[in-house]
Each structure stands twice: as structure tokens, then as C-alpha cells.
$ cat target.csv   # CSV, C-alpha atoms
chain,number,residue,atom,x,y,z
A,1,MET,CA,166.1,-71.8,-171.4
A,2,THR,CA,163.7,-70.9,-174.2
A,3,LEU,CA,164.3,-67.2,-173.6
A,4,LEU,CA,168.1,-67.7,-173.8
A,5,GLN,CA,167.7,-69.8,-177.0
A,6,LEU,CA,165.5,-67.0,-178.6
A,7,PHE,CA,168.1,-64.4,-177.6
A,8,LEU,CA,171.0,-66.4,-179.0
A,9,SER,CA,169.2,-67.3,-182.3
A,10,PHE,CA,168.3,-63.7,-183.0
A,11,PHE,CA,171.7,-62.5,-181.9
A,12,GLN,CA,173.1,-64.6,-184.7
A,13,ILE,CA,170.6,-63.3,-187.1
A,14,GLY,CA,171.4,-59.7,-186.1
A,15,LEU,CA,175.2,-60.4,-186.3
A,16,PHE,CA,175.3,-62.0,-189.7
A,17,SER,CA,172.7,-60.0,-191.7
A,18,ILE,CA,174.7,-57.3,-193.3
A,19,GLY,CA,172.8,-55.2,-195.8
A,20,GLY,CA,169.3,-55.2,-194.4
A,21,GLY,CA,166.0,-56.9,-194.9
A,22,MET,CA,166.4,-59.3,-197.8
A,23,ALA,CA,169.8,-60.4,-196.5
A,24,ALA,CA,168.3,-61.4,-193.2
A,25,MET,CA,165.5,-63.6,-194.7
A,26,PRO,CA,167.5,-66.8,-195.3
A,27,LEU,CA,169.2,-66.5,-191.9
A,28,ILE,CA,165.8,-66.1,-190.1
A,29,GLN,CA,164.4,-69.1,-192.0
A,30,ASN,CA,167.4,-71.2,-191.1
A,31,GLN,CA,167.2,-70.4,-187.3
A,32,VAL,CA,163.4,-70.3,-187.0
A,33,VAL,CA,162.3,-73.0,-189.3
A,34,ASN,CA,165.2,-75.4,-189.9
A,35,LEU,CA,167.1,-75.4,-186.7
A,36,HIS,CA,164.5,-74.8,-183.9
A,37,HIS,CA,161.2,-75.6,-185.6
A,38,TRP,CA,159.6,-72.6,-183.9
A,39,LEU,CA,157.5,-72.0,-187.1
A,40,THR,CA,156.4,-74.2,-190.0
A,41,LEU,CA,157.4,-73.1,-193.5
A,42,THR,CA,153.8,-71.8,-194.0
A,43,GLU,CA,153.9,-69.8,-190.9
A,44,PHE,CA,157.2,-68.4,-191.9
A,45,THR,CA,155.8,-67.3,-195.3
A,46,ASP,CA,152.9,-65.7,-193.4
A,47,LEU,CA,155.5,-63.9,-191.2
A,48,ILE,CA,157.2,-62.5,-194.4
A,49,THR,CA,153.9,-61.3,-195.7
A,50,ILE,CA,153.0,-59.6,-192.4
A,51,ALA,CA,156.5,-58.1,-192.0
A,52,GLU,CA,156.0,-56.5,-195.4
A,53,MET,CA,152.6,-55.2,-194.4
A,54,THR,CA,153.7,-53.7,-191.1
A,55,PRO,CA,156.2,-50.9,-190.5
A,56,GLY,CA,159.7,-51.6,-189.2
A,57,PRO,CA,162.8,-53.7,-190.1
A,58,ILE,CA,162.1,-57.4,-190.9
A,59,GLY,CA,164.5,-58.5,-188.3
A,60,ILE,CA,162.6,-56.8,-185.5
A,61,ASN,CA,159.3,-57.9,-186.9
A,62,SER,CA,160.4,-61.5,-187.0
A,63,ALA,CA,161.9,-61.4,-183.5
A,64,THR,CA,158.7,-60.0,-182.0
A,65,PHE,CA,156.5,-62.4,-183.9
A,66,VAL,CA,158.5,-65.6,-183.2
A,67,GLY,CA,159.3,-64.5,-179.6
A,68,ILE,CA,155.6,-63.9,-178.7
A,69,ARG,CA,154.4,-67.2,-180.2
A,70,ILE,CA,157.1,-69.2,-178.4
A,71,ALA,CA,157.2,-67.5,-175.0
A,72,GLY,CA,154.8,-64.6,-174.9
A,73,ILE,CA,155.9,-61.0,-174.3
A,74,PRO,CA,159.1,-62.0,-172.4
A,75,GLY,CA,160.0,-64.1,-175.5
A,76,ALA,CA,159.4,-61.2,-177.8
A,77,ILE,CA,161.6,-58.9,-175.6
A,78,ALA,CA,164.4,-61.5,-175.5
A,79,ALA,CA,164.4,-62.1,-179.2
A,80,THR,CA,164.2,-58.4,-180.1
A,81,ILE,CA,167.1,-57.5,-177.7
A,82,GLY,CA,169.1,-60.4,-179.3
A,83,CYS,CA,168.4,-59.1,-182.7
A,84,ILE,CA,169.6,-55.5,-182.0
A,85,PHE,CA,172.4,-56.4,-179.6
A,86,PRO,CA,175.2,-56.9,-182.2
A,87,SER,CA,174.1,-53.6,-183.9
A,88,CYS,CA,174.3,-51.7,-180.7
A,89,ILE,CA,177.8,-52.8,-179.9
A,90,ILE,CA,179.3,-52.7,-183.4
A,91,VAL,CA,177.6,-49.6,-184.6
A,92,SER,CA,178.4,-47.7,-181.4
A,93,LEU,CA,182.1,-48.6,-181.9
A,94,LEU,CA,181.9,-47.4,-185.5
A,95,ALA,CA,180.1,-44.3,-184.5
A,96,TRP,CA,182.8,-43.5,-181.9
A,97,PHE,CA,185.4,-44.2,-184.5
A,98,TYR,CA,183.7,-42.2,-187.2
A,99,PHE,CA,183.1,-39.1,-185.2
A,100,LYS,CA,186.7,-39.2,-183.8
A,101,PHE,CA,188.5,-39.8,-187.1
A,102,LYS,CA,186.1,-38.5,-189.7
A,103,GLU,CA,188.6,-35.8,-190.8
A,104,LEU,CA,191.1,-38.6,-191.8
A,105,THR,CA,191.7,-38.5,-195.5
A,106,VAL,CA,191.1,-42.3,-196.0
A,107,ILE,CA,187.7,-42.2,-194.2
A,108,GLN,CA,186.7,-39.1,-196.2
A,109,GLY,CA,187.7,-41.0,-199.4
A,110,ILE,CA,185.8,-44.1,-198.6
A,111,LEU,CA,182.7,-42.1,-197.6
A,112,SER,CA,182.9,-40.0,-200.8
A,113,GLY,CA,182.8,-43.3,-202.7
A,114,LEU,CA,179.9,-44.6,-200.7
A,115,ARG,CA,177.6,-41.6,-200.7
A,116,PRO,CA,176.6,-42.1,-204.4
A,117,VAL,CA,176.0,-45.8,-203.6
A,118,ILE,CA,173.5,-44.9,-200.9
A,119,VAL,CA,171.6,-42.7,-203.4
A,120,ALA,CA,171.7,-45.6,-205.9
A,121,LEU,CA,170.4,-48.0,-203.3
A,122,ILE,CA,167.6,-45.7,-202.3
A,123,ALA,CA,166.7,-45.3,-206.0
A,124,SER,CA,166.7,-49.0,-206.6
A,125,ALA,CA,164.5,-49.6,-203.5
A,126,GLY,CA,162.1,-46.9,-204.7
A,127,LEU,CA,161.9,-48.3,-208.2
A,128,SER,CA,161.2,-51.8,-206.9
A,129,ILE,CA,158.3,-50.5,-204.8
A,130,LEU,CA,157.0,-48.5,-207.8
A,131,LYS,CA,157.2,-51.7,-210.0
A,132,LEU,CA,155.3,-53.5,-207.3
A,133,ALA,CA,152.7,-50.8,-207.1
A,134,ILE,CA,152.2,-50.7,-210.9
A,135,TRP,CA,152.6,-54.3,-212.0
A,136,GLY,CA,152.0,-56.2,-208.8
A,137,GLU,CA,153.8,-59.4,-207.7
A,138,ASN,CA,154.3,-60.7,-211.3
A,139,GLY,CA,156.7,-57.9,-212.2
A,140,PHE,CA,157.1,-55.9,-215.3
A,141,SER,CA,155.0,-56.8,-218.3
A,142,ASP,CA,154.5,-55.0,-221.6
A,143,ASN,CA,150.8,-55.9,-221.6
A,144,LEU,CA,149.0,-52.6,-221.0
A,145,ASN,CA,146.2,-54.4,-219.2
A,146,SER,CA,148.5,-55.5,-216.5
A,147,ILE,CA,149.1,-51.8,-215.5
A,148,ASN,CA,147.4,-50.7,-212.3
A,149,LEU,CA,146.1,-47.3,-213.3
A,150,ILE,CA,145.0,-46.3,-209.8
A,151,SER,CA,148.7,-46.7,-208.7
A,152,VAL,CA,150.0,-44.7,-211.7
A,153,VAL,CA,147.6,-41.8,-210.9
A,154,LEU,CA,148.3,-41.9,-207.1
A,155,PHE,CA,152.0,-41.9,-207.7
A,156,THR,CA,151.8,-39.0,-210.2
A,157,ILE,CA,149.6,-36.9,-207.9
A,158,ALA,CA,151.7,-37.7,-204.8
A,159,PHE,CA,154.9,-36.9,-206.7
A,160,VAL,CA,153.6,-33.5,-208.0
A,161,VAL,CA,152.3,-32.6,-204.5
A,162,LEU,CA,155.7,-33.5,-202.9
A,163,ARG,CA,157.7,-31.4,-205.5
A,164,LYS,CA,155.4,-28.5,-205.4
A,165,TRP,CA,154.3,-28.0,-201.8
A,166,LYS,CA,157.0,-30.0,-199.9
A,167,PRO,CA,154.5,-31.4,-197.3
A,168,ASN,CA,155.5,-33.9,-194.6
A,169,PRO,CA,156.1,-37.1,-196.5
A,170,ILE,CA,154.2,-39.2,-193.9
A,171,TYR,CA,151.0,-37.3,-194.7
A,172,VAL,CA,151.6,-38.1,-198.4
A,173,MET,CA,152.0,-41.8,-197.7
A,174,LEU,CA,149.0,-42.0,-195.4
A,175,GLY,CA,146.9,-39.9,-197.8
A,176,SER,CA,147.7,-42.2,-200.7
A,177,GLY,CA,146.9,-45.2,-198.5
A,178,ILE,CA,143.5,-43.8,-197.5
A,179,ILE,CA,142.5,-42.5,-200.9
A,180,GLY,CA,143.9,-45.5,-202.7
A,181,GLY,CA,142.4,-47.9,-200.2
A,182,ALA,CA,139.0,-46.3,-200.6
A,183,ILE,CA,139.2,-46.5,-204.4
A,184,TYR,CA,140.3,-50.2,-204.3
A,185,LEU,CA,137.4,-51.1,-202.0
A,186,LEU,CA,134.8,-49.2,-204.1
A,187,VAL,CA,135.8,-50.4,-207.6
B,1,MET,CA,171.1,-24.6,-178.7
B,2,GLU,CA,167.9,-26.1,-177.4
B,3,ASN,CA,168.1,-27.6,-173.9
B,4,LYS,CA,169.0,-31.2,-173.5
B,5,LYS,CA,165.7,-32.5,-172.3
B,6,ASN,CA,164.0,-31.0,-175.3
B,7,ILE,CA,166.5,-32.6,-177.7
B,8,TYR,CA,166.1,-36.0,-176.0
B,9,ARG,CA,162.3,-35.7,-176.3
B,10,LYS,CA,162.5,-34.7,-179.9
B,11,LEU,CA,165.0,-37.5,-180.8
B,12,PHE,CA,162.7,-40.1,-179.3
B,13,THR,CA,159.4,-38.8,-180.7
B,14,SER,CA,160.9,-38.2,-184.2
B,15,THR,CA,162.4,-41.7,-184.5
B,16,PHE,CA,159.3,-43.3,-183.0
B,17,TYR,CA,157.1,-41.5,-185.4
B,18,LEU,CA,159.3,-42.2,-188.4
B,19,SER,CA,159.6,-45.9,-187.5
B,20,ALA,CA,155.8,-46.2,-187.0
B,21,PHE,CA,155.3,-45.2,-190.6
B,22,THR,CA,158.2,-46.9,-192.3
B,23,PHE,CA,156.7,-49.6,-194.4
B,24,GLY,CA,159.4,-51.3,-196.5
B,25,GLY,CA,162.6,-51.2,-194.4
B,26,GLY,CA,165.9,-49.3,-194.4
B,27,TYR,CA,165.6,-47.5,-197.6
B,28,VAL,CA,162.3,-45.9,-196.8
B,29,ILE,CA,163.4,-44.7,-193.4
B,30,ILE,CA,166.7,-43.1,-194.6
B,31,PRO,CA,164.9,-40.6,-196.9
B,32,LEU,CA,162.5,-39.8,-194.1
B,33,MET,CA,165.3,-39.3,-191.6
B,34,LYS,CA,167.0,-37.0,-194.1
B,35,LYS,CA,163.8,-34.9,-194.5
B,36,LYS,CA,163.3,-34.7,-190.7
B,37,PHE,CA,166.8,-34.3,-189.3
B,38,ALA,CA,168.6,-32.5,-192.1
B,39,ASP,CA,165.9,-30.4,-193.9
B,40,GLU,CA,163.5,-29.7,-191.0
B,41,LEU,CA,165.5,-29.7,-187.8
B,42,HIS,CA,169.0,-28.9,-189.3
B,43,TRP,CA,170.7,-31.1,-186.7
B,44,ILE,CA,172.9,-32.7,-189.4
B,45,ASP,CA,173.7,-31.8,-193.0
B,46,GLU,CA,172.8,-33.9,-196.1
B,47,ASN,CA,176.3,-35.2,-196.7
B,48,GLU,CA,176.7,-36.3,-193.1
B,49,MET,CA,173.3,-38.1,-193.3
B,50,LEU,CA,174.6,-40.0,-196.3
B,51,ASN,CA,177.8,-40.8,-194.5
B,52,LEU,CA,175.8,-42.2,-191.6
B,53,ALA,CA,173.6,-44.2,-194.0
B,54,ALA,CA,176.7,-45.6,-195.6
B,55,ILE,CA,178.0,-46.8,-192.2
B,56,ALA,CA,174.6,-48.2,-191.3
B,57,GLN,CA,174.4,-50.1,-194.5
B,58,SER,CA,177.9,-51.6,-194.0
B,59,SER,CA,177.3,-52.8,-190.5
B,60,PRO,CA,175.4,-55.9,-189.4
B,61,GLY,CA,171.8,-55.7,-188.2
B,62,PRO,CA,168.8,-53.9,-189.4
B,63,VAL,CA,169.7,-50.7,-191.4
B,64,ALA,CA,167.0,-48.6,-189.7
B,65,VAL,CA,168.3,-49.5,-186.2
B,66,ASN,CA,171.9,-48.8,-187.3
B,67,ALA,CA,171.1,-45.5,-188.8
B,68,ALA,CA,169.1,-44.5,-185.7
B,69,ILE,CA,172.0,-45.4,-183.4
B,70,LEU,CA,174.4,-43.3,-185.5
B,71,LEU,CA,172.0,-40.4,-185.6
B,72,GLY,CA,171.2,-40.5,-181.9
B,73,TYR,CA,174.9,-40.7,-181.0
B,74,ARG,CA,175.7,-37.8,-183.4
B,75,VAL,CA,173.1,-35.5,-181.8
B,76,ALA,CA,173.2,-36.5,-178.1
B,77,GLY,CA,175.9,-39.1,-177.4
B,78,ILE,CA,175.1,-42.5,-175.8
B,79,THR,CA,171.9,-41.3,-174.2
B,80,GLY,CA,170.8,-40.1,-177.6
B,81,ALA,CA,171.6,-43.5,-179.2
B,82,LEU,CA,169.7,-45.3,-176.5
B,83,LEU,CA,166.6,-43.1,-177.1
B,84,THR,CA,166.7,-43.5,-180.9
B,85,ILE,CA,167.1,-47.3,-180.5
B,86,LEU,CA,164.0,-47.4,-178.3
B,87,GLY,CA,162.2,-45.1,-180.7
B,88,THR,CA,162.9,-47.2,-183.7
B,89,VAL,CA,162.3,-50.6,-182.1
B,90,LEU,CA,159.1,-49.9,-180.1
B,91,PRO,CA,156.7,-49.2,-183.0
B,92,PRO,CA,157.3,-52.5,-184.9
B,93,PHE,CA,157.5,-54.3,-181.5
B,94,ILE,CA,154.0,-53.0,-180.5
B,95,THR,CA,152.5,-53.5,-183.9
B,96,LEU,CA,153.7,-57.1,-184.3
B,97,SER,CA,152.7,-58.0,-180.7
B,98,VAL,CA,149.2,-57.0,-181.5
B,99,VAL,CA,149.1,-58.4,-185.0
B,100,SER,CA,150.5,-61.8,-184.0
B,101,LEU,CA,147.4,-62.4,-181.9
B,102,PHE,CA,145.1,-62.4,-184.9
B,103,TYR,CA,147.6,-62.5,-187.8
B,104,THR,CA,145.6,-64.6,-190.3
B,105,ALA,CA,142.6,-62.2,-190.0
B,106,PHE,CA,145.0,-59.3,-190.4
B,107,ARG,CA,146.7,-60.8,-193.4
B,108,ASP,CA,143.4,-61.6,-195.2
B,109,ASN,CA,141.7,-58.3,-194.3
B,110,ALA,CA,140.4,-56.6,-197.5
B,111,VAL,CA,140.6,-53.0,-196.0
B,112,VAL,CA,144.2,-53.5,-194.7
B,113,ASN,CA,145.3,-54.9,-198.1
B,114,ALA,CA,143.6,-52.0,-200.0
B,115,VAL,CA,145.2,-49.3,-197.8
B,116,LEU,CA,148.6,-51.0,-198.1
B,117,LYS,CA,148.3,-51.2,-201.9
B,118,GLY,CA,147.4,-47.5,-202.0
B,119,MET,CA,150.3,-46.7,-199.8
B,120,GLN,CA,152.8,-48.3,-202.1
B,121,ALA,CA,152.3,-45.6,-204.7
B,122,GLY,CA,152.7,-42.9,-202.1
B,123,ILE,CA,155.9,-44.5,-200.7
B,124,ALA,CA,157.3,-44.8,-204.2
B,125,ALA,CA,156.6,-41.0,-204.8
B,126,VAL,CA,158.3,-40.0,-201.5
B,127,ILE,CA,161.4,-42.0,-202.5
B,128,ALA,CA,161.4,-40.6,-206.0
B,129,ASP,CA,161.3,-37.1,-204.6
B,130,VAL,CA,164.2,-37.7,-202.3
B,131,VAL,CA,166.2,-39.5,-205.0
B,132,LEU,CA,165.7,-36.6,-207.3
B,133,ASN,CA,167.1,-34.1,-204.7
B,134,LEU,CA,170.0,-36.4,-203.6
B,135,GLY,CA,170.9,-37.5,-207.1
B,136,GLY,CA,170.8,-33.9,-208.4
B,137,ASN,CA,173.2,-32.9,-205.7
B,138,VAL,CA,175.6,-35.7,-206.6
B,139,LEU,CA,175.5,-34.6,-210.2
B,140,LYS,CA,176.0,-30.9,-209.3
B,141,GLU,CA,179.4,-31.8,-207.8
B,142,LYS,CA,180.4,-32.4,-211.5
B,143,ASP,CA,182.6,-35.2,-210.3
B,144,ILE,CA,182.7,-37.8,-213.1
B,145,ILE,CA,183.6,-40.6,-210.6
B,146,SER,CA,180.8,-39.9,-208.2
B,147,ALA,CA,178.3,-39.9,-211.1
B,148,THR,CA,179.7,-43.1,-212.5
B,149,ILE,CA,179.6,-44.8,-209.1
B,150,MET,CA,176.0,-43.8,-208.7
B,151,ALA,CA,175.0,-45.1,-212.1
B,152,GLY,CA,177.0,-48.3,-211.8
B,153,ALA,CA,175.8,-49.1,-208.3
B,154,PHE,CA,172.2,-48.5,-209.5
B,155,ILE,CA,172.6,-50.9,-212.4
B,156,ALA,CA,174.4,-53.5,-210.3
B,157,THR,CA,171.8,-53.6,-207.6
B,158,PHE,CA,168.6,-53.0,-209.5
B,159,LEU,CA,169.2,-55.0,-212.7
B,160,PHE,CA,171.8,-57.5,-211.7
B,161,LYS,CA,170.9,-57.9,-208.0
B,162,VAL,CA,174.5,-57.8,-207.0
B,163,ASN,CA,175.0,-58.3,-203.2
B,164,VAL,CA,175.3,-54.9,-201.6
B,165,ILE,CA,178.4,-55.9,-199.6
B,166,TYR,CA,180.4,-56.2,-202.8
B,167,ILE,CA,179.2,-52.8,-204.1
B,168,ILE,CA,180.2,-51.2,-200.8
B,169,LEU,CA,183.7,-52.8,-200.8
B,170,ILE,CA,184.4,-51.8,-204.4
B,171,CYS,CA,183.0,-48.3,-204.3
B,172,GLY,CA,184.6,-47.5,-200.9
B,173,SER,CA,188.0,-48.5,-202.3
B,174,ILE,CA,187.4,-46.5,-205.5
B,175,GLY,CA,186.5,-43.5,-203.3
B,176,ALA,CA,189.6,-43.8,-201.1
B,177,LEU,CA,191.9,-44.3,-204.2
B,178,ASN,CA,190.4,-41.4,-206.0
B,179,LEU,CA,190.9,-39.0,-203.1
B,180,TYR,CA,194.5,-40.3,-202.6
B,181,LEU,CA,195.3,-39.6,-206.3
B,182,LYS,CA,193.7,-36.2,-206.1
B,183,ILE,CA,195.8,-35.2,-203.1
B,184,LYS,CA,199.0,-36.6,-204.7
B,185,LYS,CA,198.2,-34.5,-207.8
B,186,ILE,CA,197.7,-31.4,-205.7
B,187,LYS,CA,201.0,-32.0,-203.9
B,188,LYS,CA,202.8,-32.5,-207.1
B,189,ASP,CA,201.4,-29.4,-208.7
B,190,GLY,CA,202.2,-27.5,-205.5
B,191,ASN,CA,198.9,-25.6,-205.5
B,192,LEU,CA,196.0,-26.2,-203.1
B,193,GLN,CA,192.8,-25.4,-205.0

$ encode --input "target.csv" --output "C-alpha cells"
Amino acid sequence: MTLLQLFLSFFQIGLFSIGGGMAAMPLIQNQVVNLHHWLTLTEFTDLITIAEMTPGPIGINSATFVGIRIAGIPGAIAATIGCIFPSCIIVSLLAWFYFKFKELTVIQGILSGLRPVIVALIASAGLSILKLAIWGENGFSDNLNSINLISVVLFTIAFVVLRKWKPNPIYVMLGSGIIGGAIYLLV
Amino acid sequence: MENKKNIYRKLFTSTFYLSAFTFGGGYVIIPLMKKKFADELHWIDENEMLNLAAIAQSSPGPVAVNAAILLGYRVAGITGALLTILGTVLPPFITLSVVSLFYTAFRDNAVVNAVLKGMQAGIAAVIADVVLNLGGNVLKEKDIISATIMAGAFIATFLFKVNVIYIILICGSIGALNLYLKIKKIKKDGNLQ
């Protein structure tokens, strides 16, 4: 019964969260905290923190976290499948439709309008992360003391390395994590 | 063309690997997918990667999972999609299963926090690099409408936090209308450029 409930709750979260991470947050809170009392609000806040600290979509992270706490590994599996089930069906249909009709003028037109949007969304996400890296949780401030110089230097070096030598980006991310981490722990 | 087994294996390992290192959700994994599948493996071109990202963003569910489904389907049909779903879901599933056992210790761990703080700068640099390439290519088209959409969408989402759904609806309609007008004009002028 619990497994079915987990599946159905995360099915709804998956179905109604259009636009990724942040859009899913209030839906997850509603299902997990308000409706089913699977987590307290404090635990939910912890979940958000951990989801941001670990790789992967927040929907999957929450499903695994809540599922495992309520009903162990089977719970985590039921919740995760629930979360991705709507995607699998809807996106598969869209994929079929897209690859069959992608030459259609109207589809070409819509996509030509959306491609620059995706670039803008990636830019916006990148700038938010950069802002977080440089100014932390409190956001932008014109006080020079609030600038995290280590982040500025790491960003600049990583950026130059990427432009110049085009290494695998994962190594750059890991490298800045290890070097930055070591500096933060030492100073 | 490489044999099927090899493609299946590469699809799974690539998405698994990308998903395992994608801190920060959909908009970090899309640049990484572009680098891996378009620039490195040449299984898909840059424009098509952006098309798939647009569909992934407009559909319900996690953007990373949606993009993985589209990519897998494009490269190797339904089997490909199943493999990329598994590859994308397994890393966070495994990580969270382990972390949930001792999550307060993990959350408060100084080393974990320091490394993650260091990674933020690297992730921002990776995204900046990809944005420079993609944005440069949009500007190279010398299409005033594409450039305006890009600037407008950026301002709307970054400064005004407008819901992405509205941006997608509006810009998709603009794109369709724009192409329709262009075709009408070509037909009227009677020359196909």
C-alpha cells in the first residue's frame, strides 16, 4: 500500500513539474510534507540541501530519499519509477512525433524560436551558479569584502583552461572541486 | 557505423558518467551532453541537440531524464531510450540511497562542503564556455529575431524570474510566425534563396 502511495505521489510530481528543478520543489513539498507527512519541514529543507549537494535531478533525488526512508530500497524504486513514468510516456510520444515530423515547417519554426531560448536558459543557470560561487547565499553585493576571491580565481583559471585546451569538462569540474576544496580547508 | 552492442554500451556509460557528475540539474547536463554527443562522438549535430533540449524543457518531468530519453531514442530507438533512462537515473539513485543513511553527517561534513564550494566555480566556467560557443553560433546566423529572442529570454528568466513555460510558449509562437512570414515572402517574390 505504501509502495503504491509512493508511486502515485511521485507520479503526480513527475507529471506536473514542467520546467525542471525549481518548478518541482513546491509540488514535492505539497505531496511529501503537507499531504502524506512523510517528512517534517526540517527534513524537507535538509533534502533540498542534500539534493543540491549531490548530482542528478531534484525529482529523482527526492524520490530516492523519501522512498528509502519510508519503505527502504523497494520504496525508493517505487518512488523513482513513479517520478520518471510520466516523462517516459510523454517524451517517448514527443520523440516519435518529432523524428517523424521534424521536417514540417511549423515544427521547424517553433524549434527555431526555442533554440535561442535554451541558450538563454543555460546562460541564466550558469550566471546563477557563478553568483552563488562568488557572493554565496546572500546574493550580489557591491561590498568588495563579500567577494569570494578563491572562487573568482578558480573560475578564471577553469575558463581559460577550457577555452585554450578544450579538456573534458568533467575533469575541470572535479579539478576545481579538489583544488578549491583543499584551499578552503587550509585557509 | 559502429556495431549496435558498442553503441548501446557507449550510450549507457556516457549518460551514466554525465549524470554522476551533474551537480545542479538540467542546465548543467545539457552543455555536457552537447560536448559528449555532438562535439566528441558526432552522433548528433549542435542544432539538433538544442532542439532536443527544447523538447525536454517543454515536457513534464526532470529535464535531464527527458533529454536522455530523446537522445537515446534518436541514437538507438526504444532500446537506446531505456538505456539512457537507466544511465541517467542510476547515479542519483545510488548516491542518495547511500547518503540517506547518514545524511546529517554528510550535510555537515567540512570536506564535502569545501569540495562542493570549489566545484561551483568550475561548473560556472564549464557553462560559460558552452554558452559562449552556442551564443556565438546564434549570433553568427545574423538573424535579428533569434538574437532578440536570446537576449529577451535571458533578461526574462535571469532578472525577472518569469516562469519558463510562458517564455517557451511565446518564443515558440514567434519562431513559427517568423518562418511562416519568411516563406510567404519567398513565395511572393517567387525566388527561393

$ residues_around --input "target.csv" --residues "range 36-50 of chain B" --least-positions-apart "3" --cutoff "9 Å" --atoms "all atoms listed in the file" --output "list in words"
Leu111, Leu114, Arg115, Pro116, Ile118, Val119 and Asn168 of chain A; Ser14, Leu18, Ile30, Pro31, Leu32, Met33, Ala53, Ala54, Ile55, Ala67, Leu71, Arg74, Val75 and Leu134 of chain B

$ closest_residue --input "target.csv" --among "A:Ile157, A:Ile89, A:Ile13, A:Leu144" --to "Gln31 in chain A" --atoms "only C-alpha atoms"
A:Ile13

$ closest_residue --input "target.csv" --among "A:Ala133, A:Met1, A:Phe97, A:Phe44" --to "Asn148 in chain A" --atoms "all atoms listed in the file"
A:Ala133

$ residues_around --input "target.csv" --residues "Met173 in chain A" --least-positions-apart "6" --cutoff "7 Å" --atoms "all atoms listed in the file" --output "PyMOL selection string"
chain B and resi 119+122-123

$ residues_around --input "target.csv" --residues "Leu15 in chain A" --least-positions-apart "6" --cutoff "7 Å" --atoms "all atoms listed in the file" --output "list in words"
Pro86 of chain A; Pro60 and Gly61 of chain B

$ residues_around --input "target.csv" --residues "range 98-114 of chain B" --least-positions-apart "4" --cutoff "7 Å" --atoms "only C-alpha atoms" --output "MDAnalysis selection string"
(chainID A and resid 50 65 181 184:185) or (chainID B and resid 94 118)

$ residues_around --input "target.csv" --residues "Ile149 in chain B" --least-positions-apart "2" --cutoff "12 Å" --atoms "all atoms listed in the file" --output "VMD selection string"
(chain A and resid 112 to 121) or (chain B and resid 135 138 to 139 143 to 147 151 to 157 167 to 168 170 to 175 178)

$ atom_distance --input "target.csv" --atom1 "CA of Thr84 in chain B" --atom2 "CA of Ile28 in chain A"
24.4 Å

$ closest_residue --input "target.csv" --among "A:Leu162, A:Ser92, A:Ala182, A:Lys102" --to "Lys35 in chain B" --atoms "all atoms listed in the file"
A:Leu162

$ atom_distance --input "target.csv" --atom1 "CA of Lys185 in chain B" --atom2 "CA of Ile110 in chain A"
18.2 Å

$ closest_residue --input "target.csv" --among "B:Thr13, B:Ser58, B:Lys182, B:Phe21" --to "Tyr166 in chain B" --atoms "only C-alpha atoms"
B:Ser58

$ atom_distance --input "target.csv" --atom1 "CA of Phe160 in chain B" --atom2 "CA of Ser128 in chain A"
13.0 Å

$ closest_residue --input "target.csv" --among "B:Val65, B:Val115, B:Leu159, B:Leu82" --to "Ile60 in chain A" --atoms "all atoms listed in the file"
B:Val65

$ closest_residue --input "target.csv" --among "B:Lys187, B:Thr15, B:Lys140, B:Ala176" --to "Val106 in chain A" --atoms "only C-alpha atoms"
B:Ala176

$ build_atoms --input "target.csv" --residues "range 162-179 of chain B" --atoms "N, CA and C atoms" --output "compact mmCIF listing (two decimals), in the coordinates of the input"
# COMPACT_ATOMS: atom_id res chain seq x y z
N VAL B 162 173.23 -57.56 -207.56
CA VAL B 162 174.50 -57.80 -207.00
C VAL B 162 174.43 -57.60 -205.45
N ASN B 163 175.05 -58.47 -204.66
CA ASN B 163 175.00 -58.30 -203.20
C ASN B 163 175.64 -56.97 -202.82
N VAL B 164 174.91 -56.25 -201.95
CA VAL B 164 175.30 -54.90 -201.60
C VAL B 164 176.70 -54.84 -200.95
N ILE B 165 177.09 -55.91 -200.27
CA ILE B 165 178.40 -55.90 -199.60
C ILE B 165 179.53 -55.69 -200.64
N TYR B 166 179.41 -56.36 -201.80
CA TYR B 166 180.40 -56.20 -202.80
C TYR B 166 180.46 -54.77 -203.37
N ILE B 167 179.27 -54.21 -203.60
CA ILE B 167 179.20 -52.80 -204.10
C ILE B 167 179.87 -51.89 -203.15
N ILE B 168 179.61 -52.10 -201.84
CA ILE B 168 180.20 -51.20 -200.80
C ILE B 168 181.70 -51.34 -200.80
N LEU B 169 182.20 -52.59 -200.83
CA LEU B 169 183.70 -52.80 -200.80
C LEU B 169 184.32 -52.12 -202.00
N ILE B 170 183.75 -52.35 -203.18
CA ILE B 170 184.40 -51.80 -204.40
C ILE B 170 184.31 -50.29 -204.42
N CYS B 171 183.13 -49.73 -204.17
CA CYS B 171 183.00 -48.30 -204.30
C CYS B 171 183.73 -47.54 -203.17
N GLY B 172 183.79 -48.13 -201.97
CA GLY B 172 184.60 -47.50 -200.90
C GLY B 172 186.04 -47.45 -201.29
N SER B 173 186.56 -48.53 -201.89
CA SER B 173 188.00 -48.50 -202.30
C SER B 173 188.19 -47.51 -203.43
N ILE B 174 187.26 -47.45 -204.38
CA ILE B 174 187.40 -46.50 -205.50
C ILE B 174 187.46 -45.06 -204.88
N GLY B 175 186.59 -44.77 -203.92
CA GLY B 175 186.50 -43.50 -203.30
C GLY B 175 187.86 -43.11 -202.62
N ALA B 176 188.40 -44.08 -201.85
CA ALA B 176 189.60 -43.80 -201.10
C ALA B 176 190.80 -43.60 -202.12
N LEU B 177 190.85 -44.44 -203.16
CA LEU B 177 191.90 -44.30 -204.20
C LEU B 177 191.81 -42.98 -204.90
N ASN B 178 190.59 -42.61 -205.24
CA ASN B 178 190.40 -41.40 -206.00
C ASN B 178 190.85 -40.16 -205.19
N LEU B 179 190.52 -40.13 -203.88
CA LEU B 179 190.90 -39.00 -203.10
C LEU B 179 192.46 -38.97 -202.91
